[in-house]
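Working notes, beginning with the structure itself.
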Amino acid sequence: MTIAVLIVAAGRGTRAAATSGKPKQYANLRGKPMLARTIECFAQHADIATVTVAIHPDDQTAYLDCIAQVTSTKLTPPVNGGATRQVSVLNGLESMQKSIPGVKNVLIHDAARPFVSASIIDSVLAALNDNDGAIPALPVSDTLKRTGGETHKIIETLPRSGLWRAQTPQGFRFAPILDAHRAAAAQQRQDFTDDAAIAEWAGLSVVITLGSRENEKITTAEDLALANDKLASQLAFETRIGTGFDVHRFASGSSVWLCGVEIPHEQRLEGHSDADVGLHALTDAILGALADGDIGAHFPPSDPKWKGAESHVFLKDAARRLADRGGRFVNVDVTLLCEAPKVGPHRDAMRAAIAEILEIETSRVGVKATTTEGLGFTGRREGIAAMASASVLLPVEQSTKNAPDR
């Protein structure tokens, strides 16, 4: 008996990932896209034969990046979803009938429920032995009110006895649920809010199994933050510290870029990019904490693509590498070694620029400067040097692995 899973991930919701603008199913959840974690819940279950994902046609690249973090032979090629969840499910079921022989039962699951447990999956599958369908749900414990009008005045208190909050995965015998979806589409019924509602409308027998609060759907940015906190509480972190050093010579010009701020000066710093010595040193410090090479390895000066590039691109990439591995910043610190220009008047702007690039609080950013008392090349005003350090927290489960190839 083949048990297949269809994960619905074609939605456009961005509330849970407002800062990135990504659909929520691709939001970062402790170093992995939410969808990747959802897929793993089913791919790791011994009774599941295949996992198919219905995605938005515009999300091909995001999906490929996502499944690159999933190791499983159970994944089938994705299916294009439709304008509604109902259409996406029907597209998925039709595709599965053609490409997966002998499907007996199917579990249909929301991509935004990444904490479904093996016990919930087991209970839904067990209920399918005697029923056309089964869904996990939680009994309603809050008092329910019905309101009317724009003032939301309460007009009725509803009895909560016998009411349940539906979750997923919703499990069905494959042929009956496919027939039910086809019938709903033929009658142009697009008002069903879940697959169980379509099954009920088609006369199928659907029962409830006990769900879990852990299996709540992630909808808002607050939900995503709580999910990240949940995972963080389950992980052990270790502190990593990296250092960076960079030097750039002076050349003819009228300003220098230091720590993301342009400062008027009688010379500029010479380099393949904008030669922001402070951001270069800090980029190397972060990469050092991750044991992930250096700035030259990821952005080689021999590549004309980076000619004249703004250095915040390099620093942003280093921060992304930290986020991809589930880490976060403790603090960063930059020391500039130069006789001129004066750094003090621009210190706060530099700290703010770095904080914005790394998406951390300004209180976690230090910038300072010193001279070399007229000694050496900086003392002779031939250039500027910078030292930087970065302290990060990295999950132990990640810190023991090699840095991901890019």
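Quick note on naming: the chains in the structure tokens go A, B, ... in the order shown, residues restart at 1 in each chain, and ligands are numbered from 1 in order of appearance.
Here the DSSP assignment of strand (DSSP E or B), based on backbone atoms, applies within range 17-140 of chain A to Asn28, Leu29, Lys32, Pro33, Thr50, Val51, Thr52, Val53, Ala54, Ile55, Leu75, Val79, Asn80, Val103, Lys104, Asn105, Val106, Leu107, Ile108, His109, Asp110, Gly133, Ala134, Ile135, Pro136, Ala137, Leu138 and Pro139 of chain A.
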Nearby residues (only C-alpha atoms) at most 12 Å from Ala197 in chain A, same-chain spacing under 3 positions excluded, as a JSON list (two decimals) with N, CA and C atoms, in the first residue's frame:
```json
[["chain", "number", "residue", "atom", "x", "y", "z"],
["A", 86, "GLN", "N", -7.56, 25.17, -3.07],
["A", 86, "GLN", "CA", -8.36, 24.07, -3.61],
["A", 86, "GLN", "C", -7.85, 23.65, -4.99],
["A", 133, "GLY", "N", -11.72, 9.31, 5.48],
["A", 133, "GLY", "CA", -10.83, 10.42, 5.79],
["A", 133, "GLY", "C", -10.65, 10.61, 7.28],
["A", 134, "ALA", "N", -9.56, 11.29, 7.66],
["A", 134, "ALA", "CA", -9.30, 11.59, 9.06],
["A", 134, "ALA", "C", -8.47, 12.86, 9.14],
["A", 135, "ILE", "N", -8.76, 13.70, 10.11],
["A", 135, "ILE", "CA", -8.01, 14.94, 10.27],
["A", 135, "ILE", "C", -7.64, 15.13, 11.74],
["A", 166, "ALA", "N", -9.58, 22.53, 13.13],
["A", 166, "ALA", "CA", -8.96, 21.57, 12.21],
["A", 166, "ALA", "C", -7.50, 21.91, 11.96],
["A", 170, "GLN", "N", -4.38, 16.26, 6.61],
["A", 170, "GLN", "CA", -5.68, 15.64, 6.47],
["A", 170, "GLN", "C", -5.52, 14.44, 5.55],
["A", 177, "ILE", "N", -11.03, 10.98, -2.49],
["A", 177, "ILE", "CA", -10.79, 12.43, -2.35],
["A", 177, "ILE", "C", -10.50, 13.06, -3.70],
["A", 180, "ALA", "N", -13.84, 13.59, -5.24],
["A", 180, "ALA", "CA", -14.54, 14.69, -4.57],
["A", 180, "ALA", "C", -14.02, 16.04, -5.07],
["A", 181, "HIS", "N", -12.71, 16.16, -5.22],
["A", 181, "HIS", "CA", -12.15, 17.41, -5.73],
["A", 181, "HIS", "C", -12.58, 17.65, -7.18],
["A", 184, "ALA", "N", -16.17, 18.90, -7.15],
["A", 184, "ALA", "CA", -16.27, 20.28, -6.70],
["A", 184, "ALA", "C", -15.84, 21.24, -7.81],
["A", 189, "ARG", "N", -17.40, 24.91, -7.42],
["A", 189, "ARG", "CA", -17.44, 25.21, -6.00],
["A", 189, "ARG", "C", -16.03, 25.56, -5.53],
["A", 190, "GLN", "N", -15.83, 26.79, -5.14],
["A", 190, "GLN", "CA", -14.52, 27.25, -4.68],
["A", 190, "GLN", "C", -14.57, 27.80, -3.26],
["A", 191, "ASP", "N", -15.61, 27.42, -2.51],
["A", 191, "ASP", "CA", -15.85, 28.01, -1.19],
["A", 191, "ASP", "C", -15.43, 27.11, -0.04],
["A", 192, "PHE", "N", -14.78, 26.00, -0.34],
["A", 192, "PHE", "CA", -14.36, 25.10, 0.73],
["A", 192, "PHE", "C", -13.06, 25.58, 1.35],
["A", 193, "THR", "N", -12.98, 25.53, 2.67],
["A", 193, "THR", "CA", -11.79, 26.04, 3.37],
["A", 193, "THR", "C", -10.75, 24.98, 3.66],
["A", 194, "ASP", "N", -11.13, 23.70, 3.56],
["A", 194, "ASP", "CA", -10.13, 22.65, 3.69],
["A", 194, "ASP", "C", -10.61, 21.41, 2.94],
["A", 200, "GLU", "N", -16.64, 16.00, 3.14],
["A", 200, "GLU", "CA", -17.97, 15.97, 3.77],
["A", 200, "GLU", "C", -19.05, 16.25, 2.74],
["A", 201, "TRP", "N", -18.83, 17.26, 1.92],
["A", 201, "TRP", "CA", -19.79, 17.64, 0.87],
["A", 201, "TRP", "C", -20.04, 16.47, -0.09],
["A", 202, "ALA", "N", -18.99, 15.70, -0.36],
["A", 202, "ALA", "CA", -19.11, 14.57, -1.28],
["A", 202, "ALA", "C", -19.67, 13.32, -0.60],
["A", 203, "GLY", "N", -19.98, 13.41, 0.70],
["A", 203, "GLY", "CA", -20.57, 12.28, 1.40],
["A", 203, "GLY", "C", -19.59, 11.28, 1.95],
["A", 204, "LEU", "N", -18.30, 11.65, 2.04],
["A", 204, "LEU", "CA", -17.31, 10.73, 2.59],
["A", 204, "LEU", "C", -17.34, 10.74, 4.11],
["A", 205, "SER", "N", -16.91, 9.65, 4.70],
["A", 205, "SER", "CA", -16.86, 9.54, 6.15],
["A", 205, "SER", "C", -15.51, 10.06, 6.65],
["A", 206, "VAL", "N", -15.55, 11.15, 7.43],
["A", 206, "VAL", "CA", -14.32, 11.76, 7.93],
["A", 206, "VAL", "C", -14.39, 11.85, 9.45],
["A", 207, "VAL", "N", -13.34, 11.38, 10.13],
["A", 207, "VAL", "CA", -13.30, 11.41, 11.59],
["A", 207, "VAL", "C", -12.16, 12.30, 12.06]]
```
* Near Leu393 in chain A, within 9 Å and counting only C-alpha atoms, which residues show up once chain neighbours fewer than 2 positions away are dropped, as a PyMOL selection string? -> chain A and resi 237-241+326-330+391+395
Mind writing the picked residues with C-alpha atoms as a CSV table (one decimal), in the first residue's frame?
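This is the output file out-v7.csv:
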```csv
chain,number,residue,atom,x,y,z
A,237,PHE,CA,24.8,27.0,21.0
A,238,GLU,CA,28.5,27.7,21.1
A,239,THR,CA,30.3,31.0,20.8
A,240,ARG,CA,32.5,31.5,17.8
A,241,ILE,CA,34.9,34.5,17.4
A,326,GLY,CA,21.0,29.2,12.2
A,327,GLY,CA,23.5,31.5,13.9
A,328,ARG,CA,23.2,35.0,15.2
A,329,PHE,CA,25.5,37.9,16.2
A,330,VAL,CA,26.6,38.7,19.7
A,391,SER,CA,31.4,37.1,18.0
A,395,PRO,CA,24.1,25.9,16.9
```
* **Shortest interatomic distance to Val8 in chain A - which of A:Val247, A:Leu125, A:Ala111, A:Cys41, counting only C-alpha atoms** => A:Ala111
* Asked: Pick the closest to Pro114 in chain A from A:Met96, A:Leu358, A:Ala9, A:Val89: which is it, counting only C-alpha atoms?
  ->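 Using only C-alpha atoms, Pro114 in chain A sits closest to A:Ala9.
For the pair CA of Met387 in chain A and CA of Thr371 in chain A, the interatomic distance is 12.8 Å.
CA of Val79 in chain A is found 6.1 Å from CA of Ile55 in chain A.
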* Within 12 Å of Ile354 in chain A, counting only C-alpha atoms, which residues qualify if same-chain residues fewer than 4 places away don't, as a ChimeraX atom specification? -> /A:258-261,276,278-280,282-283,311-316,319,331-334,347-350,358-367
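In this comparison, which uses only C-alpha atoms, the residue of A:Ala297, A:Leu287, A:His346, A:Gly244 approaching Ala318 in chain A most closely is A:Leu287.
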* Asked: His109 in chain A: which residues within 12 Å, counting only C-alpha atoms, same-chain residues fewer than 5 positions away excluded, as a ChimeraX atom specification?
  -> /A:4-9,35,38-39,41-42,51-54,85,88-89,92,114-116,120-121,124,135-136,166-172,194-196,215-217
* Distance in Å - CA of Ser119 in chain A versus CA of Glu214 in chain A ->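 That distance, rounded to one decimal, is 11.8 Å.
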* **Nearest to Leu93 in chain A, chosen from A:Val396, A:Asn80, A:Asp47, A:Lys307, with only C-alpha atoms counted in the distances** =>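 Selected residue with least distance to Leu93 in chain A: A:Asn80.
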* Can you list every residue in range 27-261 of chain A that DSSP puts in helix (DSSP H, G or I), as a ChimeraX atom specification? -> /A:34-43,57-67,85-99,118-127,174-186,195-201,213-215,221-234
* Given the choices A:Leu178, A:Ala369, A:Ala137, A:Leu224, which gets closest to Pro33 in chain A if the distance is worked out from only C-alpha atoms? -> A:Leu224
* Asked: Within 12 Å of Ser233 in chain A, counting only C-alpha atoms, which residues qualify if same-chain residues fewer than 5 places away don't, as a list in words?
  ->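 Residues near the query, excluding close chain neighbours: Arg30, Leu226, Ala227, Asn228 and Pro395 of chain A.
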